[in-house]
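Next comes model_23.cif, with mmCIF, N, CA and C atoms.
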```cif
data_run
#
loop_
_atom_site.label_atom_id
_atom_site.label_comp_id
_atom_site.auth_asym_id
_atom_site.auth_seq_id
_atom_site.Cartn_x
_atom_site.Cartn_y
_atom_site.Cartn_z
N MET S 1 6.76 21.38 93.26
CA MET S 1 5.52 22.06 92.98
C MET S 1 4.67 21.16 92.08
N SER S 2 3.40 21.10 92.33
CA SER S 2 2.53 20.23 91.54
C SER S 2 2.30 20.79 90.14
N LYS S 3 1.94 19.90 89.22
CA LYS S 3 1.68 20.32 87.84
C LYS S 3 0.48 21.26 87.77
N LYS S 4 -0.53 21.02 88.63
CA LYS S 4 -1.71 21.89 88.62
C LYS S 4 -1.35 23.30 89.06
N LEU S 5 -0.51 23.39 90.09
CA LEU S 5 -0.10 24.71 90.58
C LEU S 5 0.74 25.42 89.53
N LEU S 6 1.66 24.69 88.93
CA LEU S 6 2.48 25.29 87.87
C LEU S 6 1.63 25.76 86.70
N SER S 7 0.64 24.95 86.32
CA SER S 7 -0.26 25.33 85.23
C SER S 7 -1.04 26.59 85.59
N ALA S 8 -1.51 26.67 86.82
CA ALA S 8 -2.26 27.83 87.26
C ALA S 8 -1.38 29.08 87.24
N LEU S 9 -0.14 28.94 87.72
CA LEU S 9 0.78 30.08 87.72
C LEU S 9 1.11 30.52 86.29
N PHE S 10 1.31 29.55 85.41
CA PHE S 10 1.59 29.86 84.01
C PHE S 10 0.41 30.59 83.38
N GLY S 11 -0.80 30.11 83.63
CA GLY S 11 -2.01 30.74 83.10
C GLY S 11 -2.17 32.16 83.60
N ALA S 12 -1.90 32.35 84.89
CA ALA S 12 -2.00 33.69 85.47
C ALA S 12 -0.95 34.62 84.86
N SER S 13 0.24 34.08 84.61
CA SER S 13 1.30 34.89 83.99
C SER S 13 0.91 35.31 82.58
N LEU S 14 0.33 34.38 81.82
CA LEU S 14 -0.12 34.72 80.47
C LEU S 14 -1.22 35.77 80.49
N ALA S 15 -2.12 35.64 81.44
CA ALA S 15 -3.20 36.62 81.55
C ALA S 15 -2.64 38.00 81.89
N ALA S 16 -1.67 38.05 82.80
CA ALA S 16 -1.05 39.33 83.17
C ALA S 16 -0.32 39.92 81.99
N LEU S 17 0.37 39.08 81.23
CA LEU S 17 1.07 39.56 80.04
C LEU S 17 0.10 40.13 79.03
N ALA S 18 -1.03 39.48 78.85
CA ALA S 18 -2.02 39.94 77.88
C ALA S 18 -2.60 41.29 78.28
N LEU S 19 -2.66 41.57 79.57
CA LEU S 19 -3.22 42.82 80.05
C LEU S 19 -2.18 43.92 80.21
N SER S 20 -0.91 43.56 80.09
CA SER S 20 0.16 44.53 80.30
C SER S 20 0.33 45.41 79.07
N PRO S 21 1.00 46.56 79.23
CA PRO S 21 1.24 47.42 78.08
C PRO S 21 2.14 46.76 77.04
N ALA S 22 2.90 45.75 77.43
CA ALA S 22 3.80 45.07 76.50
C ALA S 22 3.08 43.93 75.79
N ALA S 23 1.75 43.95 75.81
CA ALA S 23 1.00 42.90 75.12
C ALA S 23 1.36 42.92 73.64
N PHE S 24 1.22 41.79 73.02
CA PHE S 24 1.68 41.66 71.64
C PHE S 24 0.53 41.36 70.70
N ALA S 25 0.75 41.66 69.45
CA ALA S 25 -0.18 41.28 68.39
C ALA S 25 0.19 39.88 67.95
N ALA S 26 -0.80 39.07 67.66
CA ALA S 26 -0.56 37.67 67.29
C ALA S 26 0.32 37.54 66.06
N ASP S 27 0.30 38.52 65.19
CA ASP S 27 1.11 38.43 63.97
C ASP S 27 2.44 39.18 64.09
N GLN S 28 2.81 39.59 65.30
CA GLN S 28 4.06 40.30 65.51
C GLN S 28 5.23 39.33 65.57
N LYS S 29 6.31 39.64 64.90
CA LYS S 29 7.51 38.80 64.92
C LYS S 29 8.14 38.84 66.31
N LEU S 30 8.74 37.72 66.71
CA LEU S 30 9.43 37.66 68.00
C LEU S 30 10.49 38.74 68.12
N SER S 31 11.25 38.95 67.04
CA SER S 31 12.32 39.95 67.05
C SER S 31 11.74 41.35 67.28
N ASP S 32 10.64 41.67 66.62
CA ASP S 32 10.02 42.99 66.78
C ASP S 32 9.51 43.17 68.20
N PHE S 33 8.91 42.14 68.76
CA PHE S 33 8.41 42.20 70.14
C PHE S 33 9.54 42.50 71.11
N HIS S 34 10.64 41.76 70.98
CA HIS S 34 11.78 41.96 71.88
C HIS S 34 12.39 43.36 71.69
N ALA S 35 12.56 43.77 70.45
CA ALA S 35 13.17 45.07 70.17
C ALA S 35 12.30 46.21 70.70
N GLU S 36 11.00 46.15 70.49
CA GLU S 36 10.10 47.21 70.91
C GLU S 36 9.98 47.31 72.43
N ASN S 37 10.05 46.18 73.11
CA ASN S 37 9.82 46.18 74.55
C ASN S 37 11.09 46.19 75.38
N ASN S 38 12.23 46.03 74.75
CA ASN S 38 13.46 45.92 75.53
C ASN S 38 14.60 46.81 75.05
N GLY S 39 14.38 47.66 74.06
CA GLY S 39 15.41 48.61 73.70
C GLY S 39 16.13 48.39 72.40
N GLY S 40 15.47 47.92 71.40
CA GLY S 40 16.08 47.81 70.09
C GLY S 40 16.82 46.51 69.85
N CYS S 41 17.54 46.49 68.74
CA CYS S 41 18.25 45.27 68.32
C CYS S 41 19.33 44.87 69.33
N GLU S 42 19.83 45.86 70.10
CA GLU S 42 20.86 45.59 71.10
C GLU S 42 20.36 44.68 72.21
N THR S 43 19.05 44.51 72.31
CA THR S 43 18.48 43.59 73.29
C THR S 43 19.07 42.19 73.10
N CYS S 44 19.24 41.81 71.86
CA CYS S 44 19.71 40.46 71.54
C CYS S 44 21.08 40.44 70.87
N HIS S 45 21.41 41.51 70.15
CA HIS S 45 22.64 41.54 69.36
C HIS S 45 23.63 42.56 69.92
N LYS S 46 24.89 42.14 70.10
CA LYS S 46 25.93 43.05 70.54
C LYS S 46 26.11 44.12 69.47
N ASP S 47 26.06 45.36 69.87
CA ASP S 47 26.18 46.49 68.95
C ASP S 47 25.10 46.48 67.86
N GLY S 48 24.02 45.76 68.08
CA GLY S 48 22.91 45.74 67.13
C GLY S 48 23.11 44.86 65.92
N SER S 49 24.23 44.14 65.85
CA SER S 49 24.51 43.28 64.70
C SER S 49 24.67 41.83 65.15
N PRO S 50 24.21 40.88 64.34
CA PRO S 50 24.34 39.46 64.71
C PRO S 50 25.80 39.05 64.85
N SER S 51 26.07 38.18 65.83
CA SER S 51 27.41 37.63 65.98
C SER S 51 27.61 36.52 64.96
N ALA S 52 28.85 36.21 64.68
CA ALA S 52 29.17 35.20 63.66
C ALA S 52 28.69 33.82 64.07
N ASP S 53 28.78 33.50 65.37
CA ASP S 53 28.43 32.14 65.82
C ASP S 53 27.13 32.06 66.62
N GLY S 54 26.49 33.18 66.91
CA GLY S 54 25.23 33.19 67.65
C GLY S 54 25.39 33.00 69.15
N ALA S 55 26.62 32.90 69.64
CA ALA S 55 26.84 32.65 71.07
C ALA S 55 26.34 33.82 71.92
N PHE S 56 26.60 35.06 71.49
CA PHE S 56 26.14 36.22 72.25
C PHE S 56 24.62 36.22 72.36
N GLU S 57 23.96 35.96 71.25
CA GLU S 57 22.50 35.95 71.24
C GLU S 57 21.95 34.86 72.16
N PHE S 58 22.57 33.69 72.15
CA PHE S 58 22.14 32.59 73.02
C PHE S 58 22.27 33.00 74.49
N GLU S 59 23.36 33.68 74.83
CA GLU S 59 23.53 34.18 76.20
C GLU S 59 22.45 35.18 76.55
N GLN S 60 22.08 36.02 75.59
CA GLN S 60 21.03 37.01 75.83
C GLN S 60 19.69 36.33 76.10
N CYS S 61 19.37 35.30 75.33
CA CYS S 61 18.12 34.56 75.56
C CYS S 61 18.10 34.03 77.00
N GLN S 62 19.20 33.40 77.39
CA GLN S 62 19.28 32.78 78.71
C GLN S 62 19.26 33.80 79.84
N SER S 63 19.76 35.01 79.59
CA SER S 63 19.78 36.02 80.64
C SER S 63 18.37 36.43 81.04
N CYS S 64 17.42 36.33 80.12
CA CYS S 64 16.02 36.67 80.42
C CYS S 64 15.15 35.44 80.69
N HIS S 65 15.34 34.40 79.89
CA HIS S 65 14.45 33.25 79.94
C HIS S 65 14.99 32.07 80.74
N GLY S 66 16.26 32.10 81.12
CA GLY S 66 16.88 30.99 81.83
C GLY S 66 17.48 29.99 80.85
N GLY S 67 18.28 29.08 81.39
CA GLY S 67 18.92 28.08 80.56
C GLY S 67 17.98 26.93 80.22
N LEU S 68 18.34 26.17 79.21
CA LEU S 68 17.51 25.05 78.78
C LEU S 68 17.33 24.03 79.90
N ALA S 69 18.36 23.80 80.69
CA ALA S 69 18.28 22.82 81.78
C ALA S 69 17.27 23.24 82.85
N GLU S 70 16.96 24.53 82.92
CA GLU S 70 16.01 25.04 83.92
C GLU S 70 14.58 25.08 83.41
N MET S 71 14.40 24.77 82.13
CA MET S 71 13.08 24.89 81.52
C MET S 71 12.29 23.59 81.59
N ASP S 72 11.19 23.54 80.86
CA ASP S 72 10.29 22.39 80.89
C ASP S 72 10.90 21.16 80.21
N ALA S 73 10.14 20.09 80.22
CA ALA S 73 10.61 18.79 79.72
C ALA S 73 10.95 18.83 78.23
N VAL S 74 10.38 19.73 77.48
CA VAL S 74 10.68 19.84 76.05
C VAL S 74 12.09 20.40 75.86
N HIS S 75 12.48 21.34 76.70
CA HIS S 75 13.77 22.01 76.56
C HIS S 75 14.94 21.25 77.17
N LYS S 76 14.73 20.62 78.32
CA LYS S 76 15.83 19.98 79.06
C LYS S 76 16.68 19.02 78.23
N PRO S 77 16.10 18.13 77.43
CA PRO S 77 16.93 17.19 76.68
C PRO S 77 17.81 17.86 75.62
N HIS S 78 17.53 19.10 75.28
CA HIS S 78 18.29 19.81 74.26
C HIS S 78 19.45 20.60 74.84
N ASP S 79 19.55 20.67 76.18
CA ASP S 79 20.61 21.42 76.84
C ASP S 79 21.97 20.86 76.42
N GLY S 80 22.83 21.74 75.96
CA GLY S 80 24.15 21.34 75.52
C GLY S 80 24.21 20.88 74.07
N ASN S 81 23.04 20.68 73.45
CA ASN S 81 22.99 20.22 72.06
C ASN S 81 22.52 21.29 71.09
N LEU S 82 21.65 22.18 71.57
CA LEU S 82 21.05 23.20 70.70
C LEU S 82 21.11 24.56 71.36
N VAL S 83 20.94 25.59 70.58
CA VAL S 83 20.75 26.94 71.09
C VAL S 83 19.33 27.35 70.73
N CYS S 84 18.82 28.37 71.37
CA CYS S 84 17.43 28.78 71.20
C CYS S 84 17.05 28.98 69.73
N ALA S 85 17.94 29.63 68.98
CA ALA S 85 17.64 29.95 67.58
C ALA S 85 17.58 28.72 66.68
N ASP S 86 18.03 27.56 67.16
CA ASP S 86 17.89 26.34 66.38
C ASP S 86 16.42 25.99 66.18
N CYS S 87 15.59 26.34 67.14
CA CYS S 87 14.15 26.04 67.06
C CYS S 87 13.29 27.30 66.95
N HIS S 88 13.70 28.36 67.60
CA HIS S 88 12.94 29.60 67.62
C HIS S 88 13.56 30.61 66.64
N ALA S 89 13.04 30.68 65.44
CA ALA S 89 13.53 31.59 64.41
C ALA S 89 12.92 32.96 64.66
N VAL S 90 13.59 33.75 65.50
CA VAL S 90 12.98 34.98 66.02
C VAL S 90 12.66 36.02 64.96
N HIS S 91 13.33 36.00 63.84
CA HIS S 91 13.03 36.96 62.78
C HIS S 91 11.96 36.44 61.81
N ASP S 92 11.57 35.18 61.97
CA ASP S 92 10.57 34.58 61.09
C ASP S 92 9.29 34.17 61.81
N MET S 93 9.39 33.82 63.08
CA MET S 93 8.24 33.30 63.83
C MET S 93 7.49 34.44 64.50
N ASN S 94 6.19 34.27 64.62
CA ASN S 94 5.36 35.22 65.34
C ASN S 94 5.36 34.88 66.82
N VAL S 95 5.06 35.88 67.63
CA VAL S 95 4.95 35.68 69.07
C VAL S 95 3.87 34.63 69.32
N GLY S 96 4.14 33.70 70.17
CA GLY S 96 3.19 32.65 70.49
C GLY S 96 3.26 31.44 69.57
N GLN S 97 3.93 31.59 68.44
CA GLN S 97 4.10 30.46 67.52
C GLN S 97 5.15 29.52 68.10
N LYS S 98 4.85 28.24 68.12
CA LYS S 98 5.78 27.27 68.70
C LYS S 98 6.38 26.39 67.60
N PRO S 99 7.67 26.12 67.73
CA PRO S 99 8.28 25.21 66.76
C PRO S 99 7.74 23.80 66.94
N THR S 100 7.85 23.01 65.91
CA THR S 100 7.35 21.63 65.99
C THR S 100 8.49 20.64 66.10
N CYS S 101 8.24 19.55 66.77
CA CYS S 101 9.26 18.51 66.97
C CYS S 101 9.66 17.85 65.65
N GLU S 102 8.71 17.71 64.74
CA GLU S 102 8.99 16.97 63.51
C GLU S 102 9.97 17.68 62.59
N SER S 103 10.35 18.89 62.92
CA SER S 103 11.41 19.55 62.15
C SER S 103 12.71 18.75 62.24
N CYS S 104 12.91 18.08 63.37
CA CYS S 104 14.13 17.29 63.57
C CYS S 104 13.85 15.82 63.87
N HIS S 105 12.69 15.53 64.44
CA HIS S 105 12.39 14.16 64.87
C HIS S 105 11.30 13.57 63.98
N ASP S 106 11.48 12.33 63.55
CA ASP S 106 10.47 11.69 62.70
C ASP S 106 9.79 10.51 63.40
N ASP S 107 9.74 10.57 64.74
CA ASP S 107 9.16 9.47 65.50
C ASP S 107 7.77 9.78 66.05
N GLY S 108 7.15 10.85 65.57
CA GLY S 108 5.78 11.17 65.98
C GLY S 108 5.67 11.94 67.28
N ARG S 109 6.79 12.37 67.85
CA ARG S 109 6.70 13.10 69.12
C ARG S 109 6.12 14.48 68.90
N THR S 110 5.47 14.96 69.94
CA THR S 110 4.93 16.32 69.97
C THR S 110 5.29 16.91 71.33
N PRO S 111 5.29 18.23 71.47
CA PRO S 111 5.57 18.81 72.78
C PRO S 111 4.62 18.29 73.86
N GLU S 112 3.37 18.06 73.50
CA GLU S 112 2.39 17.57 74.47
C GLU S 112 2.77 16.18 74.97
N LYS S 113 3.21 15.31 74.08
CA LYS S 113 3.61 13.95 74.47
C LYS S 113 4.85 14.00 75.35
N VAL S 114 5.80 14.87 75.00
CA VAL S 114 7.02 14.98 75.79
C VAL S 114 6.71 15.51 77.18
N MET S 115 5.85 16.52 77.26
CA MET S 115 5.50 17.12 78.55
C MET S 115 4.74 16.14 79.44
N ALA S 116 4.00 15.22 78.84
CA ALA S 116 3.20 14.27 79.62
C ALA S 116 4.07 13.21 80.31
N LYS S 117 5.29 13.04 79.83
CA LYS S 117 6.17 12.02 80.42
C LYS S 117 6.63 12.38 81.80
#
```

Turn this file's structure into structure tokens for me.
Amino acid sequence: MSKKLLSALFGASLAALALSPAAFAADQKLSDFHAENNGGCETCHKDGSPSADGAFEFEQCQSCHGGLAEMDAVHKPHDGNLVCADCHAVHDMNVGQKPTCESCHDDGRTPEKVMAK
């Protein structure tokens, strides 16, 4: 599939999400968004409580969003090395807020530069 077609599909998906009843407030926490739209803390946590190692939560992320190897160029290199919560702090980050590469990398990379490759 071409990049233009993928971009158009992504844009259309975002527009549909914005118009859906599950639309989010820009200042809403990721955890609150998931809990409100998917059935409480059990959406991500077994029995509503965090697991000791985060493995259950990582499986939950992948069950809805897919695995890192199936995602875009920013995610693929992290497959097998990181779990979603290593970059996406769901109880601290707002919906739409993206983690930055410089949290771990000091070589000037940005998601835009990685995606352009």

* Might you pull out every residue within 8 Å of range 87-101 of chain S, with only N, CA and C atoms counted and same-chain residues fewer than 6 positions away left off, and present them as a PyMOL selection string? => chain S and resi 24-33+107-111

* To do: Could you give me, as a VMD selection string, the residues within 9 Å of range 112-116 of chain S, counting only C-alpha atoms and dropping anything in the same chain fewer than 5 positions from it?
  => chain S and resid 72 to 74

Atoms to include: N, CA and C atoms. Write the selected residues as a tab-separated table (two decimals), keeping the file's coordinate frame.
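Written output follows (selection_30.tsv):
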```tsv
chain	number	residue	atom	x	y	z
S	72	ASP	N	11.19	23.54	80.86
S	72	ASP	CA	10.29	22.39	80.89
S	72	ASP	C	10.90	21.16	80.21
S	73	ALA	N	10.14	20.09	80.22
S	73	ALA	CA	10.61	18.79	79.72
S	73	ALA	C	10.95	18.83	78.23
S	74	VAL	N	10.38	19.73	77.48
S	74	VAL	CA	10.68	19.84	76.05
S	74	VAL	C	12.09	20.40	75.86
```

* When you draw a straight line from atom C of Cys104 in chain S to CA of Leu68 in chain S, how long is it in Å? ->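 It comes out at 17.9 Å.
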
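Nearest residue to Cys84 in chain S, choosing from S:Cys41, S:Asp47, S:Cys61, S:Ala35 and counting all atoms listed in the file: S:Cys61.
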
* To do: Provide the CA of Cys64 in chain S to CA of Asp79 in chain S distance in Å, to one decimal place.
  =>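 Interatomic distance here is 16.3 Å.
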
* Check range 24-104 of chain S with DSSP on the backbone and list each residue it calls helix (DSSP H, G or I), as a ChimeraX atom specification. => /S:30-38,41-43,46-48,55-65,68-70,76-78,84-87,101-103

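CA of His65 in chain S to CA of Gly48 in chain S spans 19.8 Å [interatomic distance, one decimal].
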
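The smallest atom-to-atom distance between Phe56 in chain S and any of S:Met71, S:Gly80, S:Ala85, S:Ser103, using only C-alpha atoms, is found for S:Ala85.
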